[in-house]
Each structure stands twice: as C-alpha cells, then as structure tokens.
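Worksheet for the structure shown next.
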Number of protein chains: 2
Amino acid sequence: MTESTRRRPRADALRNRERLLAEADAVFREQGTGASLEGVARRAGVAIGTLYGHFPTRTALVAALLEARNRELFEHGDRLAADPDPARALADWIRAVVRHAAAYQGLAAELAARSDELQDSCHRMTGIGDLLTDRARAAGALRGDTTGADLFTLMNAAAWAREHDTPAQADRLLDLALAGMIAR
Amino acid sequence: MTESTRRRPRADALRNRERLLAEADAVFREQGTGASLEGVARRAGVAIGTLYGHFPTRTALVAALLEARNRELFEHGDRLAADPDPARALADWIRAVVRHAAAYQGLAAELAARSDELQDSCHRMTGIGDLLTDRARAAGALRGDTTGADLFTLMNAAAWAREHDTPAQADRLLDLALAGMIAR
DNA sequence: ACCTGAACACCGTTCAAGT
DNA sequence: ACCTGAACACCGTTCAAGT
C-alpha cells in the first residue's frame, strides 16, 4: 500500500460528502429512508452522480448516517452494562434503541434486513443486548431465557410500530413485552 | 335504481376478476404485496388496463383478496368469544391473526396504514380483540388495562417481525408480550 | 480525483380506440 | 360493458465527457 493510495480526500469531495449527509438526514426525517435521492442531491447542491459516487447504495447512505448516532448509542449501552440495577438498565437500553431506530420512517425495516452495510451495527446491538440480559438474569431479574436476539426482534418491531401507530401505542407494546420479560 | 344498473356482470368480466384474484394471491405469496401488477395481469392472461378496471388501487386488490380469508378468521374469533378459557382464547386469537397477517410480505404494513379500503377489517379485528380482552379481564386472567387497540398493534408488529425475522423469533416476541399480558 | 447531467431502464397508471 | 395496449410520467442508476 503506497502512500499515494492513502491520500486525504480532496477538499470539495469532503465538503460534498458532508452536505449530502446533512441533507439526507433532513430529508429522511421528513420523508423516510425511501425518499427520492434526486431530491437529496438537489438540496445538497450536487448532481445525482456525485451522490452515487459517495454512496453506491441507499443502504450505504443510511449506514453512514447511522455511524455518528450509533457511537453515542453504544456508549450509552456500555455505561448501562455497569448500572447497579440490571432490570432498569435493560429497560432503559430497549427504549433508547427504539427511539434511535424510529428516527427515519423505514429505518426499522432497513435494520431488520441485516444488510452487509449495517451488520456491524446489528452485531454490536445484539452483543450489548446479550450482555445486559445475562447480567439481569444473573441478578434474578429475568424470567425465561430471553437473549440479545429476542431484544433485537422486539426493538425493531417496536420501532416499526412507532412509525405506523402512535408513539403511545408503541410504548404500550414495549411495556407489555417488558412486563413479560422482567421478573416481578 | 333501475333494474338495468343492477345487471349481473358479464361472464368474461367475472372470469377475469377471478383469475386476477387467483394470480394476485400466488404472486403476493411469492413476492409480497409490492409485486409488479404488470406481472399479475400477464399471469392472469389479461392486459394491465383490465386489472386497473377491476381494482383501481393496489390496496383495493389486497382488500378483495382478504375478504374471503377474513370471513373465516372472524368466524374463528366469534367462536373464541364463547370459549370457556378466556386467557387461552385470547392467546389463540392473537396467534391466528398473526398467521393471517403474515400471509403476504407487506400485508402488516398495509393493515397498519388503516386505509379506507381496509378499515372495515381493522375495526372488526379491534372489536373482537376488545371483546376477548374484556372477557379475559372479567375472569381475572388479565393484568393491566390491555385493549383491542393494544392487540392490534401487537399483532401487526408480530406479523411484521414474522416477515423480517424467522417465524420462531416472531413467536418468541408473541410469547413475551403474552406473558406480560396474562396474569399468572 | 472528482463532478456533471444526459441517457437508459424500469414500472406504475391512464385513456382513446376497439369489440 | 368491458378489454386492449400504446403512451405518458416518474424515478433510480450508469457512464462518457469535462474540470
């Protein structure tokens, strides 16, 4: 690997990338992850080919958007792993991920699809889920044999419900599942 | 309303309608409710305009497909309303609806959208859900204040999970929520 | 190295003409 | 009364030409 292949990106390319991410975030919040990419490019002031140059697929764009937000989320998860109340930590984690996954309409489906571009995020999430459920189980706060995979399913389903129902209804779904999961 | 406006449909029109429904069912089972309508028409041996003549929107086609299946489902619900074990009846109903709503990929989203074409079905479902939860509550088999609307949210979310996860994972989600709903 | 935007491809929907 | 299918519209994606 010669030095030249590792050159820093051109300044205009970096700036275009940033503007594309900022506009994609705004557009996806308004219209969901299925929004027109042509519109994103136009709002960012670049041609559609530039968007494809930076992000070859829609999912790649979504993955790039999630990266910054994910870091924050995972840090929160790591902090929760040291929480003195494992049951509360688990519930807290679930609610945090659901809010996270309901940022854009369609994001829950994107996550549930487990595409290559997003599988790092998915693994990270189930990993933290496994850790938190293990701790809760060890503390006798869990009934049943809930795993990180169960959490992942629940969180995606609740995020999807949040997109299609009212947030209040989605919260009731979460409360129901939590009541079934956590020992009284 | 003169007699002529109530004439029975032409025989070929009726036959085309039946063929379109049969092929749409097959195609939606294979490819989901988002499948190409052009393909449905081609498989039914009619032009695309004929499909639109019978079913002006995709949702209208889905609604027509559901009609026959719904009748069966609602009869099951009515029978369950007389079940001696209200908790078991409730769990039975939920599982039946989820299987029903996971017939085609995308059907859960279609139901959750509560379009005009499908709102009769949705009302009927929440109605039966209200009845079954009321009976379970009266029998002391329920904890919390679960309603038919909660059931509707849960059933759609579980059906959606069934589309994106394995059926086994979706069942675990259902079990979790049921455990939270039904008094031990 | 990156950007542009015309060109291509695909599919949903309509509607004038036909039977 | 119903069917046909060409025509239109829309949008995602690619790539040759330009800087």
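Residue numbering restarts at 1 in every chain; chains get A, B, ... in the order shown in the structure tokens, and ligands count up from 1 in that same order.
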Just fit chain B onto chain A on all the Cα atoms, in order, by least squares, and give it as a PDB file with C-alpha atoms, in the first residue's frame.
ATOM      1  CA  MET B   1       0.233   0.446  -0.125  1.00  0.00           C
ATOM      2  CA  THR B   2       2.028   3.560  -1.397  1.00  0.00           C
ATOM      3  CA  GLU B   3       1.545   6.906   0.209  1.00  0.00           C
ATOM      4  CA  SER B   4      -0.355   8.270  -2.785  1.00  0.00           C
ATOM      5  CA  THR B   5      -3.235   5.762  -2.450  1.00  0.00           C
ATOM      6  CA  ARG B   6      -3.829   6.970   1.096  1.00  0.00           C
ATOM      7  CA  ARG B   7      -4.022  10.639   0.223  1.00  0.00           C
ATOM      8  CA  ARG B   8      -6.562  12.695   2.031  1.00  0.00           C
ATOM      9  CA  PRO B   9      -9.724  13.300  -0.012  1.00  0.00           C
ATOM     10  CA  ARG B  10     -10.004  16.451  -2.040  1.00  0.00           C
ATOM     11  CA  ALA B  11     -11.498  19.336  -0.108  1.00  0.00           C
ATOM     12  CA  ASP B  12     -14.548  19.722  -2.362  1.00  0.00           C
ATOM     13  CA  ALA B  13     -15.246  15.976  -2.193  1.00  0.00           C
ATOM     14  CA  LEU B  14     -15.191  16.081   1.585  1.00  0.00           C
ATOM     15  CA  ARG B  15     -17.474  19.083   1.627  1.00  0.00           C
ATOM     16  CA  ASN B  16     -19.922  17.449  -0.794  1.00  0.00           C
ATOM     17  CA  ARG B  17     -19.986  14.329   1.356  1.00  0.00           C
ATOM     18  CA  GLU B  18     -20.808  16.364   4.447  1.00  0.00           C
ATOM     19  CA  ARG B  19     -23.539  18.305   2.697  1.00  0.00           C
ATOM     20  CA  LEU B  20     -25.041  15.107   1.293  1.00  0.00           C
ATOM     21  CA  LEU B  21     -25.135  13.553   4.767  1.00  0.00           C
ATOM     22  CA  ALA B  22     -26.716  16.665   6.283  1.00  0.00           C
ATOM     23  CA  GLU B  23     -29.410  16.906   3.619  1.00  0.00           C
ATOM     24  CA  ALA B  24     -30.044  13.156   3.615  1.00  0.00           C
ATOM     25  CA  ASP B  25     -30.602  13.307   7.366  1.00  0.00           C
ATOM     26  CA  ALA B  26     -33.093  16.140   6.962  1.00  0.00           C
ATOM     27  CA  VAL B  27     -34.917  14.541   4.035  1.00  0.00           C
ATOM     28  CA  PHE B  28     -35.069  11.080   5.662  1.00  0.00           C
ATOM     29  CA  ARG B  29     -36.476  12.610   8.833  1.00  0.00           C
ATOM     30  CA  GLU B  30     -39.217  14.251   6.781  1.00  0.00           C
ATOM     31  CA  GLN B  31     -39.962  11.542   4.243  1.00  0.00           C
ATOM     32  CA  GLY B  32     -38.343   8.316   5.447  1.00  0.00           C
ATOM     33  CA  THR B  33     -35.470   6.277   4.036  1.00  0.00           C
ATOM     34  CA  GLY B  34     -37.369   5.687   0.810  1.00  0.00           C
ATOM     35  CA  ALA B  35     -37.233   9.364  -0.165  1.00  0.00           C
ATOM     36  CA  SER B  36     -36.041  10.420  -3.614  1.00  0.00           C
ATOM     37  CA  LEU B  37     -32.232  10.494  -3.772  1.00  0.00           C
ATOM     38  CA  GLU B  38     -32.541  12.977  -6.626  1.00  0.00           C
ATOM     39  CA  GLY B  39     -34.102  15.348  -4.113  1.00  0.00           C
ATOM     40  CA  VAL B  40     -31.297  14.805  -1.607  1.00  0.00           C
ATOM     41  CA  ALA B  41     -28.689  15.606  -4.263  1.00  0.00           C
ATOM     42  CA  ARG B  42     -30.564  18.694  -5.405  1.00  0.00           C
ATOM     43  CA  ARG B  43     -30.860  20.021  -1.845  1.00  0.00           C
ATOM     44  CA  ALA B  44     -27.149  19.373  -1.320  1.00  0.00           C
ATOM     45  CA  GLY B  45     -26.386  21.349  -4.481  1.00  0.00           C
ATOM     46  CA  VAL B  46     -24.680  18.478  -6.325  1.00  0.00           C
ATOM     47  CA  ALA B  47     -25.566  16.311  -9.318  1.00  0.00           C
ATOM     48  CA  ILE B  48     -27.112  12.900  -8.756  1.00  0.00           C
ATOM     49  CA  GLY B  49     -23.928  11.178  -9.962  1.00  0.00           C
ATOM     50  CA  THR B  50     -22.004  12.780  -7.101  1.00  0.00           C
ATOM     51  CA  LEU B  51     -24.324  11.178  -4.595  1.00  0.00           C
ATOM     52  CA  TYR B  52     -23.824   7.763  -6.159  1.00  0.00           C
ATOM     53  CA  GLY B  53     -20.063   8.351  -6.223  1.00  0.00           C
ATOM     54  CA  HIS B  54     -20.021   8.773  -2.457  1.00  0.00           C
ATOM     55  CA  PHE B  55     -22.754   6.285  -1.555  1.00  0.00           C
ATOM     56  CA  PRO B  56     -23.207   3.464  -4.096  1.00  0.00           C
ATOM     57  CA  THR B  57     -26.464   2.247  -2.515  1.00  0.00           C
ATOM     58  CA  ARG B  58     -29.244   3.728  -0.462  1.00  0.00           C
ATOM     59  CA  THR B  59     -28.303   1.440   2.406  1.00  0.00           C
ATOM     60  CA  ALA B  60     -24.698   2.683   2.296  1.00  0.00           C
ATOM     61  CA  LEU B  61     -26.032   6.216   2.779  1.00  0.00           C
ATOM     62  CA  VAL B  62     -28.200   5.093   5.682  1.00  0.00           C
ATOM     63  CA  ALA B  63     -25.251   3.244   7.225  1.00  0.00           C
ATOM     64  CA  ALA B  64     -23.056   6.352   6.996  1.00  0.00           C
ATOM     65  CA  LEU B  65     -25.790   8.419   8.661  1.00  0.00           C
ATOM     66  CA  LEU B  66     -26.104   5.910  11.469  1.00  0.00           C
ATOM     67  CA  GLU B  67     -22.403   5.805  12.236  1.00  0.00           C
ATOM     68  CA  ALA B  68     -22.234   8.980  14.295  1.00  0.00           C
ATOM     69  CA  ARG B  69     -25.509   8.280  16.065  1.00  0.00           C
ATOM     70  CA  ASN B  70     -24.501   4.682  16.780  1.00  0.00           C
ATOM     71  CA  ARG B  71     -21.328   5.660  18.582  1.00  0.00           C
ATOM     72  CA  GLU B  72     -23.401   7.621  21.093  1.00  0.00           C
ATOM     73  CA  LEU B  73     -25.891   4.774  21.487  1.00  0.00           C
ATOM     74  CA  PHE B  74     -23.226   2.137  22.072  1.00  0.00           C
ATOM     75  CA  GLU B  75     -21.500   4.279  24.660  1.00  0.00           C
ATOM     76  CA  HIS B  76     -24.818   4.503  26.453  1.00  0.00           C
ATOM     77  CA  GLY B  77     -25.095   0.715  26.262  1.00  0.00           C
ATOM     78  CA  ASP B  78     -21.623   0.266  27.712  1.00  0.00           C
ATOM     79  CA  ARG B  79     -22.466   2.578  30.592  1.00  0.00           C
ATOM     80  CA  LEU B  80     -25.669   0.639  31.253  1.00  0.00           C
ATOM     81  CA  ALA B  81     -23.642  -2.577  31.506  1.00  0.00           C
ATOM     82  CA  ALA B  82     -22.247  -1.178  34.768  1.00  0.00           C
ATOM     83  CA  ASP B  83     -25.617  -0.034  36.119  1.00  0.00           C
ATOM     84  CA  PRO B  84     -26.353  -1.328  39.649  1.00  0.00           C
ATOM     85  CA  ASP B  85     -29.965  -2.152  38.676  1.00  0.00           C
ATOM     86  CA  PRO B  86     -29.786  -4.649  35.770  1.00  0.00           C
ATOM     87  CA  ALA B  87     -33.544  -4.727  35.158  1.00  0.00           C
ATOM     88  CA  ARG B  88     -33.752  -0.973  34.918  1.00  0.00           C
ATOM     89  CA  ALA B  89     -30.651  -0.925  32.686  1.00  0.00           C
ATOM     90  CA  LEU B  90     -32.260  -3.422  30.336  1.00  0.00           C
ATOM     91  CA  ALA B  91     -35.496  -1.445  30.065  1.00  0.00           C
ATOM     92  CA  ASP B  92     -33.503   1.754  29.574  1.00  0.00           C
ATOM     93  CA  TRP B  93     -31.458   0.185  26.760  1.00  0.00           C
ATOM     94  CA  ILE B  94     -34.523  -1.092  24.943  1.00  0.00           C
ATOM     95  CA  ARG B  95     -36.216   2.292  25.009  1.00  0.00           C
ATOM     96  CA  ALA B  96     -33.050   4.037  23.839  1.00  0.00           C
ATOM     97  CA  VAL B  97     -32.636   1.715  20.860  1.00  0.00           C
ATOM     98  CA  VAL B  98     -36.274   2.027  19.875  1.00  0.00           C
ATOM     99  CA  ARG B  99     -36.063   5.825  19.866  1.00  0.00           C
ATOM    100  CA  HIS B 100     -32.860   5.481  17.838  1.00  0.00           C
ATOM    101  CA  ALA B 101     -34.367   3.082  15.322  1.00  0.00           C
ATOM    102  CA  ALA B 102     -37.468   5.193  14.787  1.00  0.00           C
ATOM    103  CA  ALA B 103     -35.536   8.281  13.658  1.00  0.00           C
ATOM    104  CA  TYR B 104     -36.407   7.713  10.003  1.00  0.00           C
ATOM    105  CA  GLN B 105     -39.508   6.009   8.650  1.00  0.00           C
ATOM    106  CA  GLY B 106     -38.216   2.747   7.158  1.00  0.00           C
ATOM    107  CA  LEU B 107     -35.115   2.483   9.314  1.00  0.00           C
ATOM    108  CA  ALA B 108     -36.499  -0.426  11.313  1.00  0.00           C
ATOM    109  CA  ALA B 109     -37.012  -2.387   8.090  1.00  0.00           C
ATOM    110  CA  GLU B 110     -33.503  -1.477   6.974  1.00  0.00           C
ATOM    111  CA  LEU B 111     -32.067  -2.786  10.248  1.00  0.00           C
ATOM    112  CA  ALA B 112     -34.210  -5.907  10.207  1.00  0.00           C
ATOM    113  CA  ALA B 113     -32.951  -6.710   6.702  1.00  0.00           C
ATOM    114  CA  ARG B 114     -29.450  -7.230   8.171  1.00  0.00           C
ATOM    115  CA  SER B 115     -27.682  -6.009   5.038  1.00  0.00           C
ATOM    116  CA  ASP B 116     -23.896  -6.234   4.836  1.00  0.00           C
ATOM    117  CA  GLU B 117     -23.565  -2.478   5.249  1.00  0.00           C
ATOM    118  CA  LEU B 118     -25.415  -2.542   8.560  1.00  0.00           C
ATOM    119  CA  GLN B 119     -24.440  -5.879  10.034  1.00  0.00           C
ATOM    120  CA  ASP B 120     -21.692  -4.412  12.207  1.00  0.00           C
ATOM    121  CA  SER B 121     -24.282  -2.223  13.903  1.00  0.00           C
ATOM    122  CA  CYS B 122     -26.649  -5.167  14.270  1.00  0.00           C
ATOM    123  CA  HIS B 123     -24.006  -7.395  15.845  1.00  0.00           C
ATOM    124  CA  ARG B 124     -22.997  -4.662  18.206  1.00  0.00           C
ATOM    125  CA  MET B 125     -26.619  -4.243  19.273  1.00  0.00           C
ATOM    126  CA  THR B 126     -27.301  -7.920  19.909  1.00  0.00           C
ATOM    127  CA  GLY B 127     -23.954  -8.107  21.736  1.00  0.00           C
ATOM    128  CA  ILE B 128     -24.937  -5.389  24.164  1.00  0.00           C
ATOM    129  CA  GLY B 129     -28.377  -6.987  24.457  1.00  0.00           C
ATOM    130  CA  ASP B 130     -26.828 -10.355  25.361  1.00  0.00           C
ATOM    131  CA  LEU B 131     -24.655  -8.713  27.976  1.00  0.00           C
ATOM    132  CA  LEU B 132     -27.539  -6.834  29.572  1.00  0.00           C
ATOM    133  CA  THR B 133     -29.873  -9.845  29.606  1.00  0.00           C
ATOM    134  CA  ASP B 134     -27.118 -12.059  31.065  1.00  0.00           C
ATOM    135  CA  ARG B 135     -26.549  -9.579  33.858  1.00  0.00           C
ATOM    136  CA  ALA B 136     -30.268  -9.241  34.528  1.00  0.00           C
ATOM    137  CA  ARG B 137     -30.683 -13.003  34.588  1.00  0.00           C
ATOM    138  CA  ALA B 138     -27.741 -13.423  36.969  1.00  0.00           C
ATOM    139  CA  ALA B 139     -29.444 -10.922  39.276  1.00  0.00           C
ATOM    140  CA  GLY B 140     -32.653 -12.951  39.156  1.00  0.00           C
ATOM    141  CA  ALA B 141     -34.462 -10.059  37.484  1.00  0.00           C
ATOM    142  CA  LEU B 142     -35.415 -11.997  34.378  1.00  0.00           C
ATOM    143  CA  ARG B 143     -37.844 -14.780  33.796  1.00  0.00           C
ATOM    144  CA  GLY B 144     -37.613 -17.036  30.797  1.00  0.00           C
ATOM    145  CA  ASP B 145     -34.575 -17.365  28.583  1.00  0.00           C
ATOM    146  CA  THR B 146     -34.594 -14.041  26.777  1.00  0.00           C
ATOM    147  CA  THR B 147     -31.556 -13.429  24.552  1.00  0.00           C
ATOM    148  CA  GLY B 148     -30.010 -10.510  22.697  1.00  0.00           C
ATOM    149  CA  ALA B 149     -31.662 -11.819  19.519  1.00  0.00           C
ATOM    150  CA  ASP B 150     -35.073 -11.579  21.218  1.00  0.00           C
ATOM    151  CA  LEU B 151     -34.298  -8.006  22.161  1.00  0.00           C
ATOM    152  CA  PHE B 152     -33.289  -7.196  18.595  1.00  0.00           C
ATOM    153  CA  THR B 153     -36.595  -8.548  17.280  1.00  0.00           C
ATOM    154  CA  LEU B 154     -38.575  -6.682  19.936  1.00  0.00           C
ATOM    155  CA  MET B 155     -36.758  -3.410  19.378  1.00  0.00           C
ATOM    156  CA  ASN B 156     -37.215  -3.480  15.615  1.00  0.00           C
ATOM    157  CA  ALA B 157     -40.884  -4.423  15.941  1.00  0.00           C
ATOM    158  CA  ALA B 158     -41.479  -1.613  18.448  1.00  0.00           C
ATOM    159  CA  ALA B 159     -39.630   0.877  16.254  1.00  0.00           C
ATOM    160  CA  TRP B 160     -41.766  -0.202  13.331  1.00  0.00           C
ATOM    161  CA  ALA B 161     -44.914   0.197  15.449  1.00  0.00           C
ATOM    162  CA  ARG B 162     -43.731   3.687  16.346  1.00  0.00           C
ATOM    163  CA  GLU B 163     -43.636   4.538  12.647  1.00  0.00           C
ATOM    164  CA  HIS B 164     -47.121   3.240  11.906  1.00  0.00           C
ATOM    165  CA  ASP B 165     -48.986   3.742  15.173  1.00  0.00           C
ATOM    166  CA  THR B 166     -48.779   6.563  17.652  1.00  0.00           C
ATOM    167  CA  PRO B 167     -45.658   6.665  19.862  1.00  0.00           C
ATOM    168  CA  ALA B 168     -47.971   6.046  22.819  1.00  0.00           C
ATOM    169  CA  GLN B 169     -49.248   2.796  21.300  1.00  0.00           C
ATOM    170  CA  ALA B 170     -45.696   1.672  20.579  1.00  0.00           C
ATOM    171  CA  ASP B 171     -44.770   2.401  24.202  1.00  0.00           C
ATOM    172  CA  ARG B 172     -47.639   0.243  25.366  1.00  0.00           C
ATOM    173  CA  LEU B 173     -46.301  -2.599  23.230  1.00  0.00           C
ATOM    174  CA  LEU B 174     -42.890  -2.156  24.838  1.00  0.00           C
ATOM    175  CA  ASP B 175     -44.388  -2.091  28.329  1.00  0.00           C
ATOM    176  CA  LEU B 176     -46.258  -5.281  27.588  1.00  0.00           C
ATOM    177  CA  ALA B 177     -43.141  -7.108  26.427  1.00  0.00           C
ATOM    178  CA  LEU B 178     -41.068  -5.732  29.295  1.00  0.00           C
ATOM    179  CA  ALA B 179     -43.671  -6.916  31.782  1.00  0.00           C
ATOM    180  CA  GLY B 180     -43.387 -10.370  30.252  1.00  0.00           C
ATOM    181  CA  MET B 181     -39.616 -10.312  30.391  1.00  0.00           C
ATOM    182  CA  ILE B 182     -38.785  -8.889  33.780  1.00  0.00           C
ATOM    183  CA  ALA B 183     -39.506 -10.871  36.922  1.00  0.00           C
ATOM    184  CA  ARG B 184     -41.803  -9.104  39.355  1.00  0.00           C
TER     185      ARG B 184
END
**Report entry** chain A contacts on chain C, only C-alpha atoms (C1' of nucleotides), 7 Å, as a ChimeraX atom specification
**Finding:** /C:2-4
Requested in this report: Would you mind writing down, as a PyMOL selection string, each residue of chain A that DSSP on the backbone assigns to alpha helix (DSSP H)?
Outcome: chain A and resi 11-31+37-44+48-54+58-80+86-101+107-112+119-138+148-164+167-181
